[in-house]
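Note: the block below is data_29.csv and it holds CSV, C-alpha atoms.
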```csv
chain,number,residue,atom,x,y,z
A,27,MET,CA,-18.8,15.0,-9.0
A,28,LEU,CA,-19.2,11.2,-9.2
A,29,GLY,CA,-15.6,10.9,-10.5
A,30,SER,CA,-14.2,12.7,-7.5
A,31,ALA,CA,-16.4,10.7,-5.1
A,32,ILE,CA,-15.3,7.4,-6.5
A,33,ILE,CA,-11.6,8.1,-6.5
A,34,VAL,CA,-11.7,9.7,-3.0
A,35,PHE,CA,-13.7,6.7,-1.7
A,36,ARG,CA,-11.2,4.2,-3.1
A,37,GLU,CA,-8.2,6.0,-1.5
A,38,VAL,CA,-10.0,6.6,1.8
A,39,LEU,CA,-11.3,3.1,2.0
A,40,GLU,CA,-7.7,1.6,2.2
A,41,ALA,CA,-6.7,3.9,5.0
A,42,ALA,CA,-10.0,3.6,6.8
A,43,LEU,CA,-9.9,-0.2,6.8
A,44,ILE,CA,-6.4,-0.1,8.3
A,45,ILE,CA,-7.5,2.4,11.0
A,46,GLY,CA,-10.6,0.2,11.7
A,47,ILE,CA,-8.4,-2.8,12.4
A,48,ILE,CA,-6.0,-0.8,14.5
A,49,ALA,CA,-8.8,0.9,16.5
A,50,ALA,CA,-10.3,-2.6,17.3
A,51,ALA,CA,-7.0,-4.2,18.2
A,52,THR,CA,-6.2,-1.4,20.6
A,53,ARG,CA,-9.5,-0.9,22.3
A,54,ASN,CA,-8.2,-1.8,25.7
A,55,LEU,CA,-5.1,0.4,25.5
A,56,PRO,CA,-4.9,3.6,27.6
A,57,GLY,CA,-5.2,6.9,25.7
A,58,ARG,CA,-6.2,5.1,22.5
A,59,ASN,CA,-8.4,7.8,21.1
A,60,ILE,CA,-5.9,10.6,21.6
A,61,TRP,CA,-3.2,8.5,19.9
A,62,LEU,CA,-5.4,7.6,17.0
A,63,LEU,CA,-6.4,11.3,16.6
A,64,ALA,CA,-2.8,12.3,16.6
A,65,GLY,CA,-2.0,9.7,14.0
A,66,ILE,CA,-4.8,10.9,11.7
A,67,THR,CA,-3.9,14.5,12.1
A,68,ALA,CA,-0.2,13.8,11.4
A,69,GLY,CA,-1.2,11.7,8.4
A,70,LEU,CA,-3.4,14.5,6.9
A,71,LEU,CA,-0.7,17.1,7.4
A,72,GLY,CA,1.9,14.8,5.9
A,73,SER,CA,-0.4,14.2,2.9
A,74,VAL,CA,-0.5,17.8,2.0
A,75,ILE,CA,3.2,18.2,2.4
A,76,VAL,CA,4.0,15.0,0.3
A,77,ALA,CA,1.5,16.1,-2.4
A,78,SER,CA,3.0,19.5,-2.7
A,79,LEU,CA,6.5,17.9,-3.0
A,80,THR,CA,5.5,15.2,-5.6
A,81,GLY,CA,7.6,16.7,-8.3
A,82,GLN,CA,10.8,17.0,-6.2
A,83,ILE,CA,10.3,13.5,-4.6
A,84,ALA,CA,10.0,11.9,-8.0
A,85,GLU,CA,13.3,13.3,-9.1
A,86,LEU,CA,15.2,12.0,-6.1
A,87,ALA,CA,17.4,8.9,-6.4
A,88,GLU,CA,17.6,9.1,-10.2
A,89,GLY,CA,13.9,9.2,-10.7
A,90,VAL,CA,12.7,6.5,-8.3
A,91,GLY,CA,12.2,8.7,-5.2
A,92,GLN,CA,8.5,8.0,-5.2
A,93,GLU,CA,9.0,4.3,-5.2
A,94,LEU,CA,11.6,4.5,-2.4
A,95,LEU,CA,9.3,6.7,-0.3
A,96,ASN,CA,6.4,4.3,-0.8
A,97,ALA,CA,8.5,1.3,-0.1
A,98,GLY,CA,9.9,3.0,3.0
A,99,ILE,CA,6.5,4.0,4.3
A,100,LEU,CA,5.2,0.5,3.8
A,101,GLY,CA,8.3,-1.1,5.3
A,102,VAL,CA,8.1,1.0,8.5
A,103,ALA,CA,4.4,0.4,8.9
A,104,ALA,CA,4.9,-3.4,8.5
A,105,VAL,CA,7.7,-3.3,11.2
A,106,MET,CA,5.4,-1.4,13.6
A,107,LEU,CA,2.6,-3.9,13.0
A,108,ALA,CA,5.0,-6.8,13.5
A,109,TRP,CA,6.1,-5.3,16.8
A,110,HIS,CA,2.5,-4.8,17.9
A,111,ASN,CA,1.7,-8.4,17.3
A,112,ILE,CA,4.7,-9.7,19.1
A,113,TRP,CA,4.0,-7.3,22.0
A,114,MET,CA,0.4,-8.4,22.1
A,115,ALA,CA,1.5,-12.1,22.1
A,116,ARG,CA,3.4,-11.3,25.3
A,117,HIS,CA,0.8,-9.0,27.0
A,118,GLY,CA,-2.5,-9.7,25.3
A,119,ARG,CA,-3.7,-12.3,27.7
A,120,GLN,CA,-2.9,-10.1,30.7
A,121,LEU,CA,-4.6,-7.2,28.9
A,122,ALA,CA,-7.8,-9.1,28.4
A,123,LEU,CA,-7.9,-10.6,31.9
A,124,ASN,CA,-7.0,-7.5,33.8
A,125,ALA,CA,-7.7,-4.5,31.6
A,126,ARG,CA,-8.0,-2.1,34.4
A,127,GLN,CA,-4.7,-2.8,36.0
A,128,MET,CA,-3.0,-2.8,32.7
A,129,GLY,CA,-4.6,0.6,32.0
A,130,THR,CA,-2.5,2.0,34.8
A,131,ASP,CA,0.6,0.9,32.9
A,132,VAL,CA,0.6,4.0,30.8
A,133,ALA,CA,4.2,4.0,29.8
A,134,SER,CA,4.0,0.5,28.2
A,135,GLY,CA,0.6,1.1,26.6
A,136,GLY,CA,1.6,4.6,25.4
A,137,ARG,CA,4.7,3.2,23.6
A,138,GLU,CA,2.6,0.6,22.0
A,139,MET,CA,0.0,3.1,20.9
A,140,SER,CA,2.6,5.5,19.5
A,141,ALA,CA,3.8,2.7,17.2
A,142,LEU,CA,0.3,2.1,15.9
A,143,ALA,CA,-0.5,5.8,15.7
A,144,LEU,CA,2.5,5.9,13.3
A,145,VAL,CA,1.0,3.2,11.2
A,146,VAL,CA,-2.2,5.2,11.0
A,147,ALA,CA,-0.3,8.3,10.0
A,148,LEU,CA,1.6,6.4,7.3
A,149,ALA,CA,-1.5,4.8,5.9
A,150,ILE,CA,-3.2,8.2,5.6
A,151,LEU,CA,0.0,9.7,4.2
A,152,ARG,CA,0.2,7.2,1.4
A,153,GLU,CA,-3.4,7.3,0.3
A,154,GLY,CA,-4.0,10.9,1.3
A,155,SER,CA,-1.2,12.5,-0.7
A,156,GLU,CA,-2.7,10.9,-3.9
A,157,THR,CA,-6.1,12.1,-3.0
A,158,VAL,CA,-4.9,15.7,-2.4
A,159,LEU,CA,-3.1,15.6,-5.8
A,160,PHE,CA,-6.1,14.3,-7.6
A,161,LEU,CA,-8.5,16.9,-6.1
A,162,TYR,CA,-5.9,19.6,-6.8
A,163,GLY,CA,-5.8,18.4,-10.4
A,164,LEU,CA,-9.5,18.5,-10.8
A,165,LEU,CA,-9.7,22.0,-9.3
A,166,ALA,CA,-6.7,23.3,-11.3
A,167,GLY,CA,-8.1,21.7,-14.5
A,168,GLY,CA,-11.1,24.1,-14.1
A,169,GLU,CA,-13.5,21.7,-15.9
A,170,GLN,CA,-15.5,21.1,-12.7
A,171,SER,CA,-16.9,23.6,-10.2
A,172,PHE,CA,-15.3,23.9,-6.8
A,173,ALA,CA,-18.6,22.8,-5.1
A,174,SER,CA,-18.8,19.7,-7.3
A,175,VAL,CA,-15.2,18.6,-6.6
A,176,ILE,CA,-15.4,19.3,-2.9
A,177,GLY,CA,-18.9,17.8,-2.6
A,178,GLY,CA,-17.8,14.6,-4.4
A,179,GLY,CA,-14.7,14.4,-2.3
A,180,ALA,CA,-16.6,14.8,0.9
A,181,PHE,CA,-19.1,12.1,-0.1
A,182,GLY,CA,-16.2,9.7,-0.9
A,183,LEU,CA,-14.6,10.6,2.4
A,184,VAL,CA,-17.7,9.9,4.4
A,185,ALA,CA,-18.4,6.6,2.6
A,186,GLY,CA,-14.9,5.4,3.0
A,187,ALA,CA,-14.9,6.3,6.7
A,188,LEU,CA,-18.2,4.5,7.2
A,189,ALA,CA,-16.7,1.4,5.7
A,190,GLY,CA,-13.8,1.6,8.1
A,191,TYR,CA,-16.1,2.2,11.0
A,192,GLY,CA,-18.2,-0.8,9.9
A,193,LEU,CA,-15.2,-3.1,10.0
A,194,TYR,CA,-14.4,-1.7,13.5
A,195,ALA,CA,-18.0,-2.3,14.7
A,196,GLY,CA,-17.9,-5.7,13.3
A,197,PHE,CA,-14.8,-6.6,15.2
A,198,LEU,CA,-16.3,-5.5,18.5
A,199,THR,CA,-19.0,-8.1,18.1
A,200,ILE,CA,-16.4,-10.9,18.1
A,201,PRO,CA,-16.5,-12.8,21.4
A,202,ALA,CA,-13.7,-11.9,23.8
A,203,ARG,CA,-12.0,-15.3,23.6
A,204,LEU,CA,-11.7,-15.1,19.8
A,205,PHE,CA,-11.0,-11.3,19.7
A,206,PHE,CA,-7.3,-11.5,20.2
A,207,ALA,CA,-6.8,-14.2,17.6
A,208,ALA,CA,-9.0,-12.3,15.1
A,209,THR,CA,-7.2,-9.0,15.5
A,210,SER,CA,-3.7,-10.3,15.6
A,211,GLY,CA,-4.4,-12.6,12.7
A,212,LEU,CA,-5.6,-9.7,10.6
A,213,ILE,CA,-2.7,-7.5,11.6
A,214,LEU,CA,-0.4,-10.3,10.7
A,215,LEU,CA,-1.8,-10.4,7.2
A,216,LEU,CA,-1.9,-6.6,6.9
A,217,ALA,CA,1.8,-6.5,7.7
A,218,ALA,CA,2.5,-9.2,5.1
A,219,ALA,CA,0.4,-7.2,2.6
A,220,MET,CA,2.4,-4.1,3.2
A,221,ALA,CA,5.7,-6.0,2.8
A,222,SER,CA,4.4,-7.4,-0.6
A,223,GLN,CA,3.4,-3.9,-1.8
A,224,ALA,CA,6.8,-2.6,-0.7
A,225,ALA,CA,8.4,-5.3,-2.8
A,226,ARG,CA,6.3,-4.2,-5.8
A,227,PHE,CA,7.6,-0.6,-5.5
A,228,LEU,CA,11.2,-1.8,-5.3
A,229,VAL,CA,10.7,-3.9,-8.5
A,230,GLN,CA,9.2,-0.8,-10.2
A,231,ALA,CA,12.3,1.1,-9.2
A,232,ASP,CA,14.4,-1.7,-10.7
A,233,LEU,CA,16.2,-2.2,-7.3
A,234,ILE,CA,15.2,-5.9,-6.9
A,235,PRO,CA,14.4,-8.5,-9.5
A,236,SER,CA,10.7,-9.5,-10.0
A,237,LEU,CA,11.7,-13.2,-10.1
A,238,ALA,CA,8.5,-14.0,-12.1
A,239,ASN,CA,6.1,-11.4,-13.5
A,240,PRO,CA,3.4,-12.4,-12.9
A,241,LEU,CA,3.8,-15.5,-10.9
A,242,TRP,CA,0.1,-16.3,-11.5
A,243,ASN,CA,-2.9,-14.6,-12.9
A,244,SER,CA,-6.2,-14.9,-11.0
A,245,SER,CA,-7.9,-11.8,-12.5
A,246,TRP,CA,-10.5,-14.1,-14.1
A,247,PHE,CA,-11.5,-15.1,-10.6
A,248,LEU,CA,-11.1,-11.8,-8.7
A,249,ASP,CA,-9.9,-8.6,-10.4
A,250,ASN,CA,-7.8,-6.2,-8.4
A,251,ASN,CA,-9.9,-3.4,-9.8
A,252,SER,CA,-13.2,-4.8,-8.4
A,253,LEU,CA,-14.4,-3.6,-5.0
A,254,PRO,CA,-14.0,-7.0,-3.3
A,255,GLY,CA,-10.5,-7.2,-5.0
A,256,ARG,CA,-9.5,-3.8,-3.5
A,257,PHE,CA,-10.9,-4.8,-0.2
A,258,LEU,CA,-8.9,-8.0,0.0
A,259,HIS,CA,-5.9,-6.2,-1.5
A,260,THR,CA,-5.8,-3.8,1.4
A,261,LEU,CA,-6.7,-6.3,4.2
A,262,ILE,CA,-4.8,-9.5,3.2
A,263,GLY,CA,-2.6,-8.3,0.3
A,264,TYR,CA,-4.6,-10.1,-2.5
A,265,GLU,CA,-3.0,-9.6,-5.9
A,266,ALA,CA,-4.5,-11.0,-9.1
A,267,MET,CA,-1.0,-10.8,-10.8
A,268,PRO,CA,1.8,-10.7,-8.2
A,269,SER,CA,5.4,-10.9,-9.1
A,270,GLY,CA,7.4,-13.8,-7.5
A,271,ILE,CA,9.3,-11.5,-5.2
A,272,GLN,CA,6.1,-10.1,-3.7
A,273,VAL,CA,5.1,-13.7,-2.7
A,274,VAL,CA,8.6,-14.1,-1.2
A,275,PHE,CA,8.3,-10.9,0.9
A,276,TYR,CA,4.7,-11.8,1.9
A,277,THR,CA,5.7,-15.3,3.1
A,278,ALA,CA,8.9,-14.2,4.7
A,279,THR,CA,7.0,-11.5,6.7
A,280,LEU,CA,4.4,-14.1,7.9
A,281,ILE,CA,7.1,-16.5,9.0
A,282,LEU,CA,9.1,-13.8,10.8
A,283,ILE,CA,6.2,-12.4,12.7
A,284,LEU,CA,4.8,-15.8,13.6
A,285,THR,CA,8.2,-16.9,14.9
A,286,GLY,CA,8.5,-13.7,16.9
A,287,MET,CA,5.1,-14.2,18.4
A,288,ARG,CA,5.9,-17.7,19.4
A,289,PHE,CA,9.3,-16.8,20.7
A,290,PHE,CA,8.1,-14.0,23.0
A,291,ARG,CA,4.9,-15.7,24.1
A,292,PRO,CA,5.0,-16.1,27.9
A,293,ARG,CA,5.5,-19.7,28.8
A,294,PRO,CA,3.3,-21.4,31.3
A,295,PRO,CA,5.2,-22.3,34.5
A,296,THR,CA,6.6,-25.8,34.2
A,297,PHE,CA,8.1,-27.9,37.0
A,298,THR,CA,10.0,-30.5,34.9
A,299,THR,CA,12.8,-29.5,32.7
A,300,SER,CA,13.6,-32.7,30.8
B,8,MET,CA,14.9,-10.9,5.7
B,9,LYS,CA,17.4,-8.0,5.9
B,10,THR,CA,20.2,-10.2,4.6
B,11,LEU,CA,18.0,-11.5,1.9
B,12,PHE,CA,17.1,-7.9,1.0
B,13,ILE,CA,20.8,-6.8,0.8
B,14,LEU,CA,21.6,-9.8,-1.3
B,15,LEU,CA,18.8,-9.0,-3.7
B,16,LEU,CA,19.9,-5.4,-3.8
B,17,LEU,CA,23.5,-6.4,-4.7
B,18,CYS,CA,22.5,-8.8,-7.5
B,19,SER,CA,20.2,-6.2,-9.0
B,20,LEU,CA,23.0,-3.7,-9.4
B,21,ASN,CA,25.0,-5.6,-12.0
B,22,ALA,CA,22.5,-8.1,-13.4
B,23,TYR,CA,20.1,-5.5,-14.8
B,24,ALA,CA,21.3,-3.2,-17.4
B,25,VAL,CA,18.4,-1.6,-19.3
B,26,ASP,CA,18.8,-1.2,-23.0
B,27,ASN,CA,15.2,-0.5,-24.1
B,28,GLU,CA,13.6,2.8,-23.5
B,29,ALA,CA,10.0,3.8,-24.5
B,30,THR,CA,8.5,7.2,-24.1
B,31,LEU,CA,4.9,8.3,-23.4
B,32,VAL,CA,3.6,11.9,-23.3
B,33,ILE,CA,0.5,12.9,-21.4
B,34,ARG,CA,-1.2,15.8,-23.1
B,35,ASP,CA,-4.8,17.0,-22.6
B,36,HIS,CA,-5.5,14.0,-20.4
B,37,ARG,CA,-4.5,11.5,-23.1
B,38,PHE,CA,-1.5,9.3,-23.6
B,39,GLU,CA,0.6,9.8,-26.8
B,40,PRO,CA,1.0,7.4,-28.4
B,41,GLU,CA,-1.9,5.3,-27.2
B,42,GLU,CA,-0.1,2.1,-28.3
B,43,VAL,CA,3.5,1.5,-27.4
B,44,ARG,CA,5.4,-1.5,-29.0
B,45,VAL,CA,8.2,-3.0,-27.0
B,46,PRO,CA,10.2,-6.2,-27.3
B,47,ALA,CA,9.0,-9.1,-25.3
B,48,GLY,CA,11.3,-10.8,-22.8
B,49,GLN,CA,13.3,-7.7,-22.0
B,50,LYS,CA,13.3,-5.1,-19.3
B,51,ILE,CA,11.9,-1.7,-20.5
B,52,LYS,CA,12.6,1.7,-19.1
B,53,LEU,CA,9.3,3.6,-19.7
B,54,MET,CA,9.6,7.4,-19.5
B,55,VAL,CA,6.3,9.2,-19.0
B,56,HIS,CA,6.3,13.0,-19.6
B,57,ASN,CA,3.3,14.8,-18.2
B,58,GLN,CA,2.9,17.9,-20.2
B,59,ASP,CA,-0.4,18.8,-18.6
B,60,SER,CA,-0.8,21.4,-15.9
B,61,THR,CA,-2.5,18.8,-13.7
B,62,PRO,CA,-1.1,15.7,-12.0
B,63,GLU,CA,-1.7,12.2,-13.4
B,64,GLU,CA,-1.2,8.7,-12.1
B,65,PHE,CA,0.0,6.1,-14.5
B,66,GLU,CA,-1.6,2.8,-13.5
B,67,SER,CA,-1.8,-0.7,-14.9
B,68,TYR,CA,-3.1,-3.8,-13.2
B,69,GLU,CA,-1.7,-6.0,-16.0
B,70,LEU,CA,1.8,-4.5,-15.6
B,71,ASN,CA,1.4,-4.3,-11.8
B,72,ARG,CA,2.5,-0.7,-11.8
B,73,GLU,CA,1.4,2.7,-10.4
B,74,LYS,CA,3.2,6.0,-10.4
B,75,VAL,CA,2.2,9.6,-9.9
B,76,ALA,CA,3.5,12.2,-12.4
B,77,ALA,CA,3.4,15.8,-11.2
B,78,PRO,CA,2.5,18.6,-13.7
B,79,GLY,CA,5.4,18.9,-16.2
B,80,ALA,CA,7.3,16.0,-14.6
B,81,LYS,CA,9.2,13.3,-16.5
B,82,VAL,CA,9.0,10.0,-14.5
B,83,THR,CA,10.6,6.6,-15.1
B,84,ILE,CA,8.8,3.3,-14.6
B,85,TYR,CA,10.6,0.0,-15.1
B,86,ILE,CA,8.5,-2.7,-16.7
B,87,GLY,CA,9.0,-6.2,-17.9
B,88,PRO,CA,10.4,-8.6,-18.9
B,89,LEU,CA,7.0,-9.2,-20.5
B,90,SER,CA,5.6,-12.2,-22.3
B,91,PRO,CA,4.2,-11.3,-25.7
B,92,GLY,CA,0.8,-9.8,-25.4
B,93,ARG,CA,-1.2,-6.6,-24.7
B,94,TYR,CA,-1.0,-4.7,-21.5
B,95,PRO,CA,-3.5,-1.9,-21.0
B,96,PHE,CA,-2.7,1.1,-18.8
B,97,PHE,CA,-4.6,4.2,-17.8
B,98,GLY,CA,-4.3,7.5,-16.0
B,99,GLU,CA,-6.2,7.1,-12.8
B,100,PHE,CA,-7.0,10.7,-12.4
B,101,ASN,CA,-8.6,10.9,-15.9
B,102,ALA,CA,-9.5,7.4,-16.6
B,103,GLU,CA,-12.1,8.2,-19.2
B,104,THR,CA,-9.7,9.7,-21.7
B,105,ALA,CA,-6.2,8.7,-20.6
B,106,ARG,CA,-6.0,5.1,-21.8
B,107,GLY,CA,-3.4,3.1,-23.7
B,108,THR,CA,-1.7,-0.2,-24.3
B,109,ILE,CA,1.8,-1.6,-24.1
B,110,VAL,CA,2.2,-4.3,-26.8
B,111,ALA,CA,5.0,-6.7,-26.2
B,112,GLU,CA,6.1,-8.7,-29.2
```
Here is a file; write its structure as structure tokens.
Amino acid sequence: MLGSAIIVFREVLEAALIIGIIAAATRNLPGRNIWLLAGITAGLLGSVIVASLTGQIAELAEGVGQELLNAGILGVAAVMLAWHNIWMARHGRQLALNARQMGTDVASGGREMSALALVVALAILREGSETVLFLYGLLAGGEQSFASVIGGGAFGLVAGALAGYGLYAGFLTIPARLFFAATSGLILLLAAAMASQAARFLVQADLIPSLANPLWNSSWFLDNNSLPGRFLHTLIGYEAMPSGIQVVFYTATLILILTGMRFFRPRPPTFTTS
Amino acid sequence: MKTLFILLLLCSLNAYAVDNEATLVIRDHRFEPEEVRVPAGQKIKLMVHNQDSTPEEFESYELNREKVAAPGAKVTIYIGPLSPGRYPFFGEFNAETARGTIVAE
């Protein structure tokens, strides 16, 4: 029972933290709850489908289908987060100052929410499919009772969801003037973390060179297997032993998104041009 | 970024021919053999054959790898080039019994 609780907790934690950040970042957007719920539902359904197709997916693309799927999921999620940050750089101030008027702009807010609901769905899909497989394996192995497996899984699910909610609640206590900087800063790092993980899967599939493996080893300081290590791995992409190409992807994503945010930021009206 | 990515894809196509293969079997939630010797400094194609009726996830922090193997599936994981040393791995779904080490020398 403890085994299933711990593994489910670890998988749920990653998705729950991502959902917590997204829920906080979108708190003023119209129809947020419905979109989040749609993302969660789609992610859960997708998890079961991907889990049941694991064997077939692994055999695609000469045995690296799983890596390509993971890299693809992470890549799309990173692009959606990037788009969100750039969109918020343009509309965030307006949103904070005039939330009610903005709330009537359903078309724009809805498009924005659909992108983030997709990130939620993809985050759940990635972690959820592994969880489904793991629980299925425990049940099929027949060494543990149904009640023990499901009980442990439910405990892990609730604990992970509480951690995500805790992050969300913590965000809501941030003063309004810092809130935008805090959420967009964290989403920026989250997108870079996803790009770095995508790079790792592409290296594992032997599609790109690792450049240096590992580039450094900081596991004496913070192990990826420890709880704080996992927490930081999900939120900001911490790796105790990253390959060089992961650092390249991480940095390139940061630079691209920051450039986009700066480029699309509304300029204050100016009266001189020279 | 996209251009960089395409460039990297292109150079990987011809620069990386894999000569070294190693095979692991998962049976009764254990890896066989539990110690795999591979040459250091070279890319290795690690084949993992899950002969159990339950799924397993090959995972290693030291190798920076994770991959799910469905029941009965043979999966491929590229590792290395590795510096000489010991690289532990484990099966995440049965971490108490499924443990092993890659030894690069």
### Nearest to Thr67 of chain A, chosen from A:Gly81, A:Ile48, A:Leu86, A:Val146, with all atoms listed in the file counted in the distances
A:Val146
### Query
Got a sec: who's within 8 Å of His56 of chain B, counting all atoms listed in the file, leaving out chain neighbours fewer than 2 positions off, as number ranges by chain?
B: 30-33, 54, 58, 76, 79-82
Env of segment 36-47 of chain B: 6 Å cut, atoms = all atoms listed in the file, seq-sep filter 6 positions within chain, self excluded. Answer as a PDB file with C-alpha atoms, in the coordinates of the input.
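Saved the output as part.pdb:
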```
ATOM      1  CA  LEU B  89       7.000  -9.200 -20.500  1.00  0.00           C
ATOM      2  CA  SER B  90       5.600 -12.200 -22.300  1.00  0.00           C
ATOM      3  CA  PRO B  91       4.200 -11.300 -25.700  1.00  0.00           C
ATOM      4  CA  THR B 104      -9.700   9.700 -21.700  1.00  0.00           C
ATOM      5  CA  ALA B 105      -6.200   8.700 -20.600  1.00  0.00           C
ATOM      6  CA  GLY B 107      -3.400   3.100 -23.700  1.00  0.00           C
ATOM      7  CA  THR B 108      -1.700  -0.200 -24.300  1.00  0.00           C
ATOM      8  CA  ILE B 109       1.800  -1.600 -24.100  1.00  0.00           C
ATOM      9  CA  VAL B 110       2.200  -4.300 -26.800  1.00  0.00           C
ATOM     10  CA  ALA B 111       5.000  -6.700 -26.200  1.00  0.00           C
ATOM     11  CA  GLU B 112       6.100  -8.700 -29.200  1.00  0.00           C
TER      12      GLU B 112
END
```
### Task
Choose the residue, out of A:Gly69, A:Gly167, A:Gly57, A:Gly196, that has the smallest atom-to-atom separation from chain B; count all atoms listed in the file.
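Among the listed residues, A:Gly167 lies closest to chain B.
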### Task
Show me as a ChimeraX atom specification the residues that reach within 12 Å of (4.7, 14.2, -13.4), counting only C-alpha atoms and using the file's own coordinates.
/A:77,79-85,89,92,159,163 /B:31-34,54-65,74-84,98
### Task
Can you work out the spacing between atom CA of Phe197 of chain A and atom CA of His117 of chain A in Å, to one decimal?
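Between atom CA of Phe197 of chain A and atom CA of His117 of chain A the gap is 19.7 Å.
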### Nearby residues, (5.6, -0.7, 9.8) file frame, 10 Å, all atoms listed in the file, as a VMD selection string
chain A and resid 98 to 110 141 to 142 144 to 146 148 to 149 216 to 217 220 to 221
### Message
Need the shell around segment 249-256 of chain A: protein/DNA/RNA residues with any atom at most 8 Å away, counting only C-alpha atoms. Skip same-chain ones fewer than 6 positions apart. Format as a VMD selection string?
### Response
(chain A and resid 264 to 266) or (chain B and resid 68)
Go ahead and dump the residues you just picked, C-alpha atoms, as a CSV table (one decimal), in the coordinates of the input.
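So the final result, stored in selection35.csv, reads:
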```
chain,number,residue,atom,x,y,z
A,264,TYR,CA,-4.6,-10.1,-2.5
A,265,GLU,CA,-3.0,-9.6,-5.9
A,266,ALA,CA,-4.5,-11.0,-9.1
B,68,TYR,CA,-3.1,-3.8,-13.2
```
Would you list the contacts of Val229 of chain A as a PDB file with C-alpha atoms, keeping the file's coordinate frame, taking every protein, DNA or RNA residue within 12 Å and counting all atoms listed in the file, but skipping same-chain residues closer than 3 positions in sequence?
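So the final result, stored in result.pdb, reads:
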```pdb
ATOM      1  CA  VAL A  90      12.700   6.500  -8.300  1.00  0.00           C
ATOM      2  CA  GLU A  93       9.000   4.300  -5.200  1.00  0.00           C
ATOM      3  CA  LEU A  94      11.600   4.500  -2.400  1.00  0.00           C
ATOM      4  CA  ALA A  97       8.500   1.300  -0.100  1.00  0.00           C
ATOM      5  CA  SER A 222       4.400  -7.400  -0.600  1.00  0.00           C
ATOM      6  CA  GLN A 223       3.400  -3.900  -1.800  1.00  0.00           C
ATOM      7  CA  ALA A 224       6.800  -2.600  -0.700  1.00  0.00           C
ATOM      8  CA  ALA A 225       8.400  -5.300  -2.800  1.00  0.00           C
ATOM      9  CA  ARG A 226       6.300  -4.200  -5.800  1.00  0.00           C
ATOM     10  CA  ASP A 232      14.400  -1.700 -10.700  1.00  0.00           C
ATOM     11  CA  LEU A 233      16.200  -2.200  -7.300  1.00  0.00           C
ATOM     12  CA  ILE A 234      15.200  -5.900  -6.900  1.00  0.00           C
ATOM     13  CA  PRO A 235      14.400  -8.500  -9.500  1.00  0.00           C
ATOM     14  CA  SER A 236      10.700  -9.500 -10.000  1.00  0.00           C
ATOM     15  CA  LEU A 237      11.700 -13.200 -10.100  1.00  0.00           C
ATOM     16  CA  ALA A 238       8.500 -14.000 -12.100  1.00  0.00           C
ATOM     17  CA  ASN A 239       6.100 -11.400 -13.500  1.00  0.00           C
ATOM     18  CA  PRO A 268       1.800 -10.700  -8.200  1.00  0.00           C
ATOM     19  CA  SER A 269       5.400 -10.900  -9.100  1.00  0.00           C
ATOM     20  CA  GLY A 270       7.400 -13.800  -7.500  1.00  0.00           C
ATOM     21  CA  ILE A 271       9.300 -11.500  -5.200  1.00  0.00           C
ATOM     22  CA  GLN A 272       6.100 -10.100  -3.700  1.00  0.00           C
ATOM     23  CA  PHE A 275       8.300 -10.900   0.900  1.00  0.00           C
TER      24      PHE A 275
ATOM     25  CA  LEU B  15      18.800  -9.000  -3.700  1.00  0.00           C
ATOM     26  CA  LEU B  16      19.900  -5.400  -3.800  1.00  0.00           C
ATOM     27  CA  SER B  19      20.200  -6.200  -9.000  1.00  0.00           C
ATOM     28  CA  TYR B  23      20.100  -5.500 -14.800  1.00  0.00           C
ATOM     29  CA  LYS B  50      13.300  -5.100 -19.300  1.00  0.00           C
ATOM     30  CA  LEU B  70       1.800  -4.500 -15.600  1.00  0.00           C
ATOM     31  CA  ASN B  71       1.400  -4.300 -11.800  1.00  0.00           C
ATOM     32  CA  ARG B  72       2.500  -0.700 -11.800  1.00  0.00           C
ATOM     33  CA  GLU B  73       1.400   2.700 -10.400  1.00  0.00           C
ATOM     34  CA  ILE B  84       8.800   3.300 -14.600  1.00  0.00           C
ATOM     35  CA  TYR B  85      10.600   0.000 -15.100  1.00  0.00           C
ATOM     36  CA  ILE B  86       8.500  -2.700 -16.700  1.00  0.00           C
ATOM     37  CA  GLY B  87       9.000  -6.200 -17.900  1.00  0.00           C
ATOM     38  CA  PRO B  88      10.400  -8.600 -18.900  1.00  0.00           C
TER      39      PRO B  88
END
```
### Message
Given only C-alpha atoms as the basis, pick out the residue of A:Leu95, A:Ala166, A:Leu261, A:Ala218 nearest to chain B.
### Response
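Ranked by minimum distance to chain B, first place goes to A:Ala166.
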### Message
Please report the interatomic distance between atom CA of Phe172 of chain A and atom CA of Phe35 of chain A in Å with one decimal.
### Response
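We find that atom CA of Phe172 of chain A and atom CA of Phe35 of chain A lie 18.0 Å from each other.
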### Query
Given the choices A:Gly211, A:Gly263, A:Pro201, A:Pro240, which gets closest to chain B if the distance is worked out from all atoms listed in the file?
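Selected residue with least distance to chain B: A:Pro240.
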### Query
In Å, how far is it from atom CA of Glu153 of chain A to atom CA of Ala189 of chain A?
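So the two atoms, atom CA of Glu153 of chain A and atom CA of Ala189 of chain A, lie 15.5 Å apart.
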### Message
Calculated over all atoms listed in the file, which of the candidates A:Ala195, A:Leu70, A:Ala64, A:Val274 has the smallest distance to chain B?
### Response
A:Val274
### Distance criterion (only C-alpha atoms): nearest to chain B out of A:Ser78, A:Ser174, A:Thr52, A:Thr199
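Comparing A:Ser78, A:Ser174, A:Thr52, A:Thr199 against chain B, the winner is A:Ser78.
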